[in-house]
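So this block is input33.pdb, PDB, C-alpha atoms (C1' of nucleotides):
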```pdb
ATOM      1  CA  MET T 136     -12.403 -77.999 109.124
ATOM      2  CA  PRO T 137     -12.300 -74.289 108.718
ATOM      3  CA  GLU T 138      -9.392 -71.937 108.294
ATOM      4  CA  LEU T 139      -9.562 -68.157 108.200
ATOM      5  CA  PRO T 140     -11.546 -67.870 104.927
ATOM      6  CA  GLU T 141     -14.161 -70.399 105.996
ATOM      7  CA  VAL T 142     -14.527 -68.800 109.413
ATOM      8  CA  GLU T 143     -14.870 -65.373 107.775
ATOM      9  CA  THR T 144     -17.630 -66.734 105.542
ATOM     10  CA  VAL T 145     -19.480 -68.262 108.478
ATOM     11  CA  LYS T 146     -19.162 -65.043 110.482
ATOM     12  CA  GLU T 147     -20.425 -62.853 107.635
ATOM     13  CA  THR T 148     -23.324 -65.168 106.865
ATOM     14  CA  LEU T 149     -24.406 -65.265 110.480
ATOM     15  CA  LYS T 150     -23.920 -61.535 110.919
ATOM     16  CA  ASN T 151     -26.455 -60.792 108.213
ATOM     17  CA  LYS T 152     -28.978 -63.091 109.812
ATOM     18  CA  ILE T 153     -28.785 -62.627 113.567
ATOM     19  CA  VAL T 154     -27.425 -59.189 114.490
ATOM     20  CA  GLY T 155     -30.111 -57.363 116.433
ATOM     21  CA  LEU T 156     -31.715 -60.533 117.760
ATOM     22  CA  SER T 157     -31.632 -61.553 121.413
ATOM     23  CA  ILE T 158     -30.815 -64.928 122.928
ATOM     24  CA  GLN T 159     -33.863 -66.049 124.877
ATOM     25  CA  LYS T 160     -32.811 -69.571 125.818
ATOM     26  CA  VAL T 161     -29.830 -71.863 125.322
ATOM     27  CA  ASP T 162     -30.186 -75.642 125.224
ATOM     28  CA  VAL T 163     -26.988 -77.650 125.608
ATOM     29  CA  TYR T 164     -27.212 -81.321 124.614
ATOM     30  CA  TYR T 165     -23.570 -82.205 125.227
ATOM     31  CA  ASP T 166     -22.565 -80.908 128.641
ATOM     32  CA  LYS T 167     -18.811 -81.052 128.114
ATOM     33  CA  MET T 168     -19.129 -78.562 125.302
ATOM     34  CA  MET T 169     -20.503 -75.684 127.363
ATOM     35  CA  SER T 170     -21.021 -75.315 131.099
ATOM     36  CA  LYS T 171     -24.366 -74.332 132.577
ATOM     37  CA  ALA T 172     -22.703 -71.236 133.989
ATOM     38  CA  THR T 173     -21.643 -70.196 130.496
ATOM     39  CA  SER T 174     -24.965 -70.842 128.789
ATOM     40  CA  ASP T 175     -26.774 -69.000 131.597
ATOM     41  CA  ARG T 176     -24.712 -65.874 131.000
ATOM     42  CA  LEU T 177     -25.844 -65.726 127.376
ATOM     43  CA  VAL T 178     -29.566 -65.650 128.121
ATOM     44  CA  GLY T 179     -31.103 -62.204 127.720
ATOM     45  CA  GLN T 180     -28.140 -60.852 125.765
ATOM     46  CA  GLN T 181     -28.664 -59.153 122.419
ATOM     47  CA  ILE T 182     -26.325 -59.890 119.502
ATOM     48  CA  ILE T 183     -24.942 -56.435 118.742
ATOM     49  CA  ASP T 184     -22.265 -57.315 116.194
ATOM     50  CA  MET T 185     -20.040 -60.133 114.985
ATOM     51  CA  ASN T 186     -16.314 -60.237 114.410
ATOM     52  CA  ARG T 187     -13.508 -62.684 113.758
ATOM     53  CA  LEU T 188      -9.887 -62.995 114.784
ATOM     54  CA  GLY T 189      -7.842 -65.791 113.263
ATOM     55  CA  LYS T 190     -10.109 -68.822 113.349
ATOM     56  CA  TYR T 191     -12.228 -67.526 116.232
ATOM     57  CA  ILE T 192     -15.721 -66.121 115.750
ATOM     58  CA  ILE T 193     -16.679 -63.380 118.202
ATOM     59  CA  PHE T 194     -20.311 -62.659 118.993
ATOM     60  CA  ASN T 195     -20.445 -59.155 120.499
ATOM     61  CA  LEU T 196     -23.348 -59.254 122.941
ATOM     62  CA  THR T 197     -24.908 -56.519 125.067
ATOM     63  CA  ASP T 198     -22.543 -56.935 128.016
ATOM     64  CA  LEU T 199     -20.261 -59.771 126.967
ATOM     65  CA  ASP T 200     -18.256 -61.221 124.121
ATOM     66  CA  PHE T 201     -18.960 -64.815 123.201
ATOM     67  CA  ILE T 202     -16.028 -66.547 121.487
ATOM     68  CA  SER T 203     -16.529 -69.641 119.337
ATOM     69  CA  HIS T 204     -13.908 -71.873 117.729
ATOM     70  CA  LEU T 205     -15.136 -74.452 115.197
ATOM     71  CA  ARG T 206     -12.015 -76.618 115.374
ATOM     72  CA  MET T 207     -12.267 -79.402 112.798
ATOM     73  CA  GLU T 208     -15.936 -79.739 112.003
ATOM     74  CA  GLY T 209     -18.013 -77.117 113.790
ATOM     75  CA  ARG T 210     -20.849 -75.539 111.795
ATOM     76  CA  TYR T 211     -23.704 -73.170 112.457
ATOM     77  CA  PHE T 212     -27.202 -73.449 111.065
ATOM     78  CA  ILE T 213     -30.219 -71.214 111.426
ATOM     79  CA  LYS T 214     -33.469 -73.108 111.540
ATOM     80  CA  ALA T 215     -37.055 -72.856 112.679
ATOM     81  CA  ASP T 216     -37.868 -74.376 116.066
ATOM     82  CA  GLU T 217     -37.797 -77.940 114.783
ATOM     83  CA  PRO T 218     -36.464 -81.242 116.210
ATOM     84  CA  ILE T 219     -32.730 -81.321 116.775
ATOM     85  CA  LEU T 220     -30.442 -83.542 114.739
ATOM     86  CA  LYS T 221     -27.859 -86.018 115.998
ATOM     87  CA  HIS T 222     -24.835 -83.717 115.927
ATOM     88  CA  GLU T 223     -26.531 -80.496 116.982
ATOM     89  CA  HIS T 224     -25.123 -79.920 120.466
ATOM     90  CA  ILE T 225     -26.206 -76.395 121.285
ATOM     91  CA  VAL T 226     -29.405 -74.599 120.311
ATOM     92  CA  PHE T 227     -29.733 -70.853 120.829
ATOM     93  CA  HIS T 228     -33.365 -69.719 120.803
ATOM     94  CA  LEU T 229     -33.562 -66.268 119.236
ATOM     95  CA  SER T 230     -36.083 -63.469 119.681
ATOM     96  CA  ASN T 231     -37.575 -63.891 116.195
ATOM     97  CA  GLY T 232     -38.549 -67.499 116.879
ATOM     98  CA  GLN T 233     -35.648 -68.980 114.928
ATOM     99  CA  THR T 234     -32.892 -71.096 116.409
ATOM    100  CA  LEU T 235     -29.142 -70.883 115.891
ATOM    101  CA  ARG T 236     -27.657 -74.367 116.072
ATOM    102  CA  TYR T 237     -24.116 -75.453 116.698
ATOM    103  CA  HIS T 238     -23.396 -78.702 114.856
ATOM    104  CA  ASP T 239     -20.137 -80.569 115.442
ATOM    105  CA  THR T 240     -19.620 -84.200 114.469
ATOM    106  CA  ARG T 241     -16.418 -84.592 116.422
ATOM    107  CA  LYS T 242     -17.344 -82.372 119.371
ATOM    108  CA  PHE T 243     -14.021 -80.515 119.267
ATOM    109  CA  GLY T 244     -15.436 -77.001 119.186
ATOM    110  CA  THR T 245     -14.828 -74.632 122.084
ATOM    111  CA  PHE T 246     -16.721 -71.688 123.572
ATOM    112  CA  ASP T 247     -15.626 -68.910 125.889
ATOM    113  CA  VAL T 248     -17.401 -65.938 127.402
ATOM    114  CA  ARG T 249     -15.377 -62.821 128.208
ATOM    115  CA  GLU T 250     -15.998 -59.409 129.659
ATOM    116  CA  LYS T 251     -15.686 -56.940 126.808
ATOM    117  CA  HIS T 252     -12.703 -55.130 128.276
ATOM    118  CA  GLU T 253     -10.699 -58.351 128.511
ATOM    119  CA  THR T 254     -11.666 -60.091 125.255
ATOM    120  CA  TYR T 255      -8.418 -59.416 123.455
ATOM    121  CA  LEU T 256      -6.280 -59.255 126.599
ATOM    122  CA  VAL T 257      -6.717 -62.793 127.890
ATOM    123  CA  PRO T 258      -6.553 -66.236 126.270
ATOM    124  CA  PRO T 259      -7.502 -67.500 123.835
ATOM    125  CA  LEU T 260      -7.389 -64.316 121.748
ATOM    126  CA  SER T 261      -4.434 -62.728 123.539
ATOM    127  CA  LYS T 262      -2.191 -65.543 122.355
ATOM    128  CA  LEU T 263      -2.809 -65.009 118.658
ATOM    129  CA  GLY T 264      -0.261 -63.452 116.351
ATOM    130  CA  LEU T 265      -1.360 -60.998 113.682
ATOM    131  CA  GLU T 266      -3.206 -62.223 110.620
ATOM    132  CA  PRO T 267      -1.279 -62.157 107.323
ATOM    133  CA  PHE T 268      -3.301 -59.067 106.357
ATOM    134  CA  GLN T 269      -1.861 -57.080 109.258
ATOM    135  CA  MET T 270       1.551 -58.727 109.419
ATOM    136  CA  ASP T 271       4.516 -56.730 108.230
ATOM    137  CA  PRO T 272       6.681 -59.065 106.089
ATOM    138  CA  MET T 273       9.890 -58.034 107.840
ATOM    139  CA  ASP T 274       8.229 -58.496 111.197
ATOM    140  CA  PHE T 275       7.283 -61.990 110.048
ATOM    141  CA  TYR T 276      10.840 -62.610 108.889
ATOM    142  CA  HIS T 277      12.182 -61.716 112.322
ATOM    143  CA  ARG T 278       9.666 -63.980 114.005
ATOM    144  CA  LEU T 279      10.779 -66.865 111.788
ATOM    145  CA  LYS T 280      14.381 -66.122 112.672
ATOM    146  CA  LYS T 281      13.624 -67.093 116.255
ATOM    147  CA  SER T 282      12.300 -70.534 115.341
ATOM    148  CA  LYS T 283      14.057 -73.728 114.354
ATOM    149  CA  LYS T 284      10.780 -75.449 113.523
ATOM    150  CA  PRO T 285       9.997 -76.457 109.952
ATOM    151  CA  ILE T 286       8.355 -73.520 108.159
ATOM    152  CA  LYS T 287       5.184 -75.588 107.701
ATOM    153  CA  THR T 288       4.876 -75.942 111.474
ATOM    154  CA  ALA T 289       5.622 -72.240 111.981
ATOM    155  CA  LEU T 290       2.846 -71.275 109.547
ATOM    156  CA  LEU T 291       0.397 -73.385 111.552
ATOM    157  CA  ASP T 292       1.520 -71.818 114.844
ATOM    158  CA  GLN T 293      -1.287 -69.378 115.630
ATOM    159  CA  THR T 294       0.945 -67.400 117.995
ATOM    160  CA  ILE T 295       3.269 -66.565 115.085
ATOM    161  CA  VAL T 296       0.621 -65.776 112.471
ATOM    162  CA  ALA T 297      -3.132 -66.278 112.894
ATOM    163  CA  GLY T 298      -5.637 -67.957 110.618
ATOM    164  CA  ILE T 299      -3.591 -70.335 108.476
ATOM    165  CA  GLY T 300      -4.458 -74.039 108.631
ATOM    166  CA  ASN T 301      -3.161 -77.177 106.984
ATOM    167  CA  ILE T 302      -4.588 -76.618 103.498
ATOM    168  CA  TYR T 303      -3.629 -72.980 103.059
ATOM    169  CA  ALA T 304      -0.223 -73.590 104.614
ATOM    170  CA  ASP T 305       0.551 -76.060 101.812
ATOM    171  CA  GLU T 306      -0.811 -73.698  99.175
ATOM    172  CA  ILE T 307       1.076 -70.695 100.524
ATOM    173  CA  LEU T 308       4.346 -72.627 100.664
ATOM    174  CA  PHE T 309       3.901 -73.791  97.082
ATOM    175  CA  ALA T 310       3.113 -70.272  95.892
ATOM    176  CA  SER T 311       6.251 -69.065  97.649
ATOM    177  CA  HIS T 312       8.516 -71.872  96.361
ATOM    178  CA  VAL T 313       9.448 -72.897  99.902
ATOM    179  CA  HIS T 314       9.724 -76.552 100.927
ATOM    180  CA  PRO T 315       7.583 -77.437 103.990
ATOM    181  CA  LEU T 316      10.593 -78.884 105.827
ATOM    182  CA  ARG T 317      12.759 -75.788 105.478
ATOM    183  CA  ARG T 318      13.792 -74.542 108.898
ATOM    184  CA  ALA T 319      11.902 -71.342 109.728
ATOM    185  CA  ASP T 320      15.125 -69.508 110.575
ATOM    186  CA  LYS T 321      16.509 -70.377 107.145
ATOM    187  CA  VAL T 322      13.702 -68.632 105.265
ATOM    188  CA  THR T 323      15.081 -65.595 103.441
ATOM    189  CA  LYS T 324      13.689 -62.066 103.582
ATOM    190  CA  LYS T 325      12.424 -62.419 100.042
ATOM    191  CA  GLU T 326      10.706 -65.702 100.869
ATOM    192  CA  ALA T 327       9.194 -64.344 104.083
ATOM    193  CA  THR T 328       7.759 -61.503 102.033
ATOM    194  CA  TRP T 329       6.367 -63.935  99.477
ATOM    195  CA  LEU T 330       4.802 -66.050 102.232
ATOM    196  CA  ILE T 331       2.951 -63.051 103.642
ATOM    197  CA  GLU T 332       1.993 -61.355 100.381
ATOM    198  CA  ARG T 333       1.023 -64.513  98.515
ATOM    199  CA  GLY T 334      -0.636 -65.748 101.681
ATOM    200  CA  ARG T 335      -2.832 -62.660 101.696
ATOM    201  CA  GLY T 336      -3.736 -63.222  98.060
ATOM    202  CA  ILE T 337      -4.660 -66.860  98.592
ATOM    203  CA  LEU T 338      -6.740 -66.135 101.684
ATOM    204  CA  GLU T 339      -8.489 -63.221  99.976
ATOM    205  CA  SER T 340      -9.316 -65.328  96.932
ATOM    206  CA  ALA T 341     -10.662 -68.041  99.177
ATOM    207  CA  ILE T 342     -12.867 -65.559 101.024
ATOM    208  CA  GLU T 343     -14.198 -64.268  97.714
ATOM    209  CA  ALA T 344     -14.915 -67.832  96.654
ATOM    210  CA  GLY T 345     -17.063 -68.235  99.740
ATOM    211  CA  GLY T 346     -14.451 -69.944 101.820
ATOM    212  CA  THR T 347     -14.364 -73.289 100.153
ATOM    213  CA  THR T 348     -11.573 -75.660  99.462
ATOM    214  CA  ILE T 349     -11.916 -79.371  99.985
ATOM    215  CA  ARG T 350     -14.977 -81.569 100.122
ATOM    216  CA  THR T 351     -18.509 -80.386 100.454
ATOM    217  CA  TYR T 352     -18.036 -77.463 102.699
ATOM    218  CA  VAL T 353     -21.392 -76.282 103.984
ATOM    219  CA  SER T 354     -21.582 -72.883 105.589
ATOM    220  CA  SER T 355     -24.315 -71.589 107.848
ATOM    221  CA  LEU T 356     -27.840 -71.987 106.549
ATOM    222  CA  GLY T 357     -26.832 -75.120 104.724
ATOM    223  CA  VAL T 358     -25.406 -73.134 101.833
ATOM    224  CA  THR T 359     -22.850 -75.190  99.986
ATOM    225  CA  GLY T 360     -19.603 -73.530  99.035
ATOM    226  CA  ARG T 361     -18.717 -72.898  95.447
ATOM    227  CA  PHE T 362     -15.344 -74.604  95.058
ATOM    228  CA  GLN T 363     -13.797 -71.858  92.982
ATOM    229  CA  LEU T 364     -10.383 -72.209  94.491
ATOM    230  CA  THR T 365      -8.146 -74.634  92.697
ATOM    231  CA  LEU T 366      -5.750 -76.280  95.087
ATOM    232  CA  MET T 367      -2.288 -76.471  93.586
ATOM    233  CA  VAL T 368      -0.834 -79.124  95.877
ATOM    234  CA  HIS T 369      -2.963 -80.029  98.885
ATOM    235  CA  GLN T 370      -4.531 -83.483  98.586
ATOM    236  CA  ARG T 371      -2.935 -83.975  95.153
ATOM    237  CA  LEU T 372      -0.537 -86.820  96.020
ATOM    238  CA  ASP T 373       1.036 -88.382  92.898
ATOM    239  CA  GLU T 374      -0.794 -85.990  90.596
ATOM    240  CA  GLN T 375       1.191 -83.703  88.314
ATOM    241  CA  CYS T 376       2.365 -80.307  89.453
ATOM    242  CA  TYR T 377       0.508 -77.680  87.420
ATOM    243  CA  ILE T 378       3.743 -75.754  86.949
ATOM    244  CA  CYS T 379       6.448 -78.318  86.198
ATOM    245  CA  GLY T 380       4.652 -81.633  85.754
ATOM    246  CA  ASP T 381       6.576 -83.387  88.505
ATOM    247  CA  GLN T 382       4.596 -85.635  90.857
ATOM    248  CA  ILE T 383       3.199 -83.999  93.981
ATOM    249  CA  ARG T 384       4.702 -85.615  97.078
ATOM    250  CA  LYS T 385       3.609 -85.935 100.670
ATOM    251  CA  VAL T 386       5.557 -85.682 103.884
ATOM    252  CA  VAL T 387       4.304 -85.584 107.459
ATOM    253  CA  VAL T 388       5.463 -82.415 109.214
ATOM    254  CA  GLY T 389       4.564 -81.814 112.825
ATOM    255  CA  GLY T 390       2.043 -84.600 112.528
ATOM    256  CA  ARG T 391       0.232 -82.962 109.624
ATOM    257  CA  SER T 392       0.104 -84.269 106.067
ATOM    258  CA  SER T 393       1.959 -81.841 103.850
ATOM    259  CA  PHE T 394       1.801 -81.852 100.066
ATOM    260  CA  TYR T 395       4.462 -80.200  97.971
ATOM    261  CA  CYS T 396       6.341 -80.193  94.677
ATOM    262  CA  ASP T 397       9.949 -81.192  95.194
ATOM    263  CA  THR T 398      10.972 -79.408  92.008
ATOM    264  CA  CYS T 399       9.180 -76.084  92.545
ATOM    265  CA  GLN T 400       9.777 -75.787  96.289
ATOM    266  CA  LYS T 401      13.294 -75.271  97.558
ATOM    267  CA  ARG T 402      14.441 -77.263 100.543
TER     268      ARG T 402
ATOM    269  C1'  DA Z 110      13.191 -75.133 125.791
ATOM    270  C1'  DA Z 111      11.715 -78.118 122.166
ATOM    271  C1'  DC Z 112       9.790 -81.877 120.012
ATOM    272  C1'  DG Z 113       6.666 -85.630 119.028
ATOM    273  C1'  DA Z 114       2.867 -88.376 120.537
ATOM    274  C1'  DA Z 115      -1.432 -88.639 122.554
ATOM    275  C1'  DA Z 116      -5.695 -86.809 123.657
ATOM    276  C1'  DC Z 117     -10.185 -84.876 122.607
ATOM    277  C1'  DC Z 118     -14.377 -87.334 119.120
ATOM    278  C1'  DT Z 119     -16.857 -89.377 115.065
ATOM    279  C1'  DG Z 120     -17.277 -90.959 110.438
ATOM    280  C1'  DC Z 121     -15.517 -92.419 106.106
ATOM    281  C1'  DG Z 122     -12.971 -95.055 102.742
ATOM    282  C1'  DC Z 123      -9.969 -98.729 102.024
ATOM    283  C1'  DG Z 124      -8.010-103.473 101.969
ATOM    284  C1'  DC Z 125      -8.854-108.067 103.358
TER     285       DC Z 125
ATOM    286  C1'  DT Q 233     -21.148-107.655 105.097
ATOM    287  C1'  DG Q 234     -17.972-106.901 108.685
ATOM    288  C1'  DC Q 235     -13.581-105.494 110.782
ATOM    289  C1'  DG Q 236      -9.552-103.009 111.573
ATOM    290  C1'  DC Q 237      -6.766 -99.379 110.217
ATOM    291  C1'  DG Q 238      -5.596 -94.844 108.711
ATOM    292  C1'  DC Q 239      -7.097 -90.460 107.975
ATOM    293  C1'  DA Q 240      -9.592 -85.844 108.600
ATOM    294  C1'  DG Q 241      -9.325 -78.237 107.292
ATOM    295  C1'  DG Q 242      -7.377 -77.828 115.170
ATOM    296  C1'  DT Q 243      -5.465 -77.175 119.478
ATOM    297  C1'  DT Q 244      -3.939 -78.500 124.099
ATOM    298  C1'  DT Q 245      -1.573 -81.512 127.138
ATOM    299  C1'  DC Q 246       1.608 -84.909 128.347
ATOM    300  C1'  DG Q 247       5.999 -87.236 128.222
ATOM    301  C1'  DT Q 248      10.907 -87.644 126.839
TER     302       DT Q 248
END
```
For the file at hand, write its structure as structure tokens.
Amino acid sequence: MPELPEVETVKETLKNKIVGLSIQKVDVYYDKMMSKATSDRLVGQQIIDMNRLGKYIIFNLTDLDFISHLRMEGRYFIKADEPILKHEHIVFHLSNGQTLRYHDTRKFGTFDVREKHETYLVPPLSKLGLEPFQMDPMDFYHRLKKSKKPIKTALLDQTIVAGIGNIYADEILFASHVHPLRRADKVTKKEATWLIERGRGILESAIEAGGTTIRTYVSSLGVTGRFQLTLMVHQRLDEQCYICGDQIRKVVVGGRSSFYCDTCQKR
DNA sequence: AACGAAACCTGCGCGC
DNA sequence: TGCGCGCAGGTTTCGT
């Protein structure tokens, strides 16, 4: 479910609530999600800081880094020590008596523990490209030049640029007037620059809005997002383009539903 | 090397 | 009311 802005919101919310606390016990209710060896390593560690790279949340612990990816539907909640709910798969017991709970309807989320010196040097984080905020537009242009994939697919490729998911990819393409099926190596320098710069703007706005886009996004602590971001194309099939009035269309690219305006976005 | 499909899971909305 | 299908904001793996 979450893309960079949502993950940033979750990370910031958690950071304000749990930094300084220690993990006293970890209960895993769905074994495939986290091995005993992994959960054992977390016990006794203090949460020193929290960071994010792309869509990964990084818990900086005393001796280790704990890396969490929410995939489609992962969420964190902080609760008192009360009965667990159906989709709560991992419960971290903290030193103030509260519990941090990992909730994931589809059980897609992943967890990794890394030695601090290797965190960014080994997968999964080592494989990530730069985020749009750090990406130089011309550097991005040259990366696109090497790819014959549709630009939509390239934007979703986390090794090319990190943090963009299906919703923001559609929005960024619309804002840059580029058709989702355009071959990546056919994107011009001007367009590559638009994709990065307008991408930054869209992601920043989304972060300011509390990381909300579609549906009832609920961040940590059960706080519902504010829905301040108006989506220009995503999920707007057959509705009118806000710019030209043409009908928004849909095409499947790389297996992902892609919404676009055939008039505003150049093929 | 490159691409799409399938896999990992569950729930929801839709048409019949 | 129930059933089957398609779909979901992600990523990896498998097969052609």
Set the distance at 12 Å and use all atoms listed in the file: which residues neighbour Z:DG113 once local chain neighbours fewer than 4 positions away are removed? I'd like the list as a list in words.
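Listed by chain and then number, they are Val387, Val388, Gly389, Gly390 and Arg391 of chain T; DC246, DG247 and DT248 of chain Q.
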Please write the residues picked by the PyMOL selection byres ((chain Q) within 8 of (chain T)) on this file as a compact mmCIF listing (two decimals) with C-alpha atoms (C1' of nucleotides), in the frame of the given file.
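This is the output file expr16.txt:
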```
# COMPACT_ATOMS: atom_id res chain seq x y z
C1' DG Q 241 -9.32 -78.24 107.29
C1' DG Q 242 -7.38 -77.83 115.17
C1' DT Q 243 -5.46 -77.18 119.48
```
Sorted per-residue table, chain Z near chain T, closest atoms and distance, 9 Å, all atoms listed in the file, as CSV:
```
residue,atom,partner,partner_atom,distance
Z:DC112,C1',T:Gly389,CA,8.9
Z:DG113,C1',T:Gly389,CA,7.6
Z:DA114,C1',T:Gly390,CA,8.9
Z:DC117,C1',T:Phe243,CA,6.7
Z:DC118,C1',T:Arg241,CA,4.4
Z:DT119,C1',T:Arg241,CA,5.0
Z:DG120,C1',T:Thr240,CA,8.2
```
Using the chain letters and numbers from the file, which residues does the PyMOL selection byres ((chain Q and resi 233-238) around 12) grab, as an MDAnalysis selection string?
(chainID Z and resid 121:125) or (chainID Q and resid 239:240)
Written as a VMD selection string, which residues does the PyMOL selection byres ((chain T and resi 264) around 10) give for the file shown?
chain T and resid 188 to 189 260 to 263 265 to 267 269 to 270 275 292 to 298
Could you jot down the atom CA of T:Leu196 to atom CA of T:Thr144 separation for me, Å, one decimal place?
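If I compute the distance from atom CA of T:Leu196 to atom CA of T:Thr144, I get 19.8 Å.
Around the point (-25.4, -69.5, 112.3), within 10 Å and counting only C-alpha atoms (C1' of nucleotides), we find these residues: Val145, Lys146, Glu147, Thr148, Leu149, Lys150, Asn151, Lys152, Ile153, Arg210, Tyr211, Phe212, Ile213, Lys214, Phe227, Thr234, Leu235, Arg236, Tyr237, His238, Ser354, Ser355, Leu356 and Gly357 of chain T.
Between atom CA of T:Gly179 and atom CA of T:Ser157 the separation is 6.4 Å.
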Hey, what's within 7 Å of T:Ile183 if we count all atoms listed in the file and toss same-chain stuff fewer than 5 positions away? As a count of residues only, please?
5
As a check of understanding: the span from atom CA of T:Ile286 to atom CA of T:Thr365 is 22.6 Å
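With all atoms listed in the file as the atoms that count, the minimum distance from T:Tyr255 to the choices T:His314, T:Arg187, T:His228, T:Lys221 is reached by T:Arg187.
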Emit as lines of an AutoDock Vina configuration file the padded axis-aligned box for all listed atoms of stretch 157-171 of chain T, 8 Å per side, with centre and edge lengths in Å to one decimal.
```
center_x = -26.3
center_y = -71.9
center_z = 127.0
size_x = 31.1
size_y = 36.7
size_z = 27.2
```
Between T:Asp247, T:Leu156, T:Ser230, T:Ser282, which is the closest to T:Ala172 once you count all atoms listed in the file?
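Using all atoms listed in the file, T:Ala172 sits closest to T:Asp247.
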Restricted to C-alpha atoms, what does stretch 322-344 of chain T look like when written out as a PDB file, in the first residue's frame?
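Listing of result.pdb after writing:
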```pdb
ATOM      1  CA  VAL T 322      12.409  10.157 -22.955  1.00  0.00           C
ATOM      2  CA  THR T 323      14.032  13.511 -23.708  1.00  0.00           C
ATOM      3  CA  LYS T 324      16.374  15.437 -21.422  1.00  0.00           C
ATOM      4  CA  LYS T 325      13.659  17.981 -20.777  1.00  0.00           C
ATOM      5  CA  GLU T 326      11.165  15.255 -19.899  1.00  0.00           C
ATOM      6  CA  ALA T 327      13.638  13.420 -17.669  1.00  0.00           C
ATOM      7  CA  THR T 328      14.161  16.680 -15.816  1.00  0.00           C
ATOM      8  CA  TRP T 329      10.418  17.184 -15.471  1.00  0.00           C
ATOM      9  CA  LEU T 330       9.984  13.629 -14.172  1.00  0.00           C
ATOM     10  CA  ILE T 331      12.537  14.198 -11.422  1.00  0.00           C
ATOM     11  CA  GLU T 332      11.622  17.765 -10.488  1.00  0.00           C
ATOM     12  CA  ARG T 333       7.859  17.307 -10.648  1.00  0.00           C
ATOM     13  CA  GLY T 334       8.303  13.946  -8.972  1.00  0.00           C
ATOM     14  CA  ARG T 335      10.004  15.663  -6.053  1.00  0.00           C
ATOM     15  CA  GLY T 336       7.180  18.177  -5.821  1.00  0.00           C
ATOM     16  CA  ILE T 337       4.476  15.520  -5.833  1.00  0.00           C
ATOM     17  CA  LEU T 338       6.235  13.370  -3.245  1.00  0.00           C
ATOM     18  CA  GLU T 339       6.922  16.384  -1.028  1.00  0.00           C
ATOM     19  CA  SER T 340       3.302  17.504  -1.200  1.00  0.00           C
ATOM     20  CA  ALA T 341       2.180  14.009  -0.338  1.00  0.00           C
ATOM     21  CA  ILE T 342       4.497  13.900   2.672  1.00  0.00           C
ATOM     22  CA  GLU T 343       3.139  17.243   3.847  1.00  0.00           C
ATOM     23  CA  ALA T 344      -0.383  15.911   3.445  1.00  0.00           C
TER      24      ALA T 344
END
```
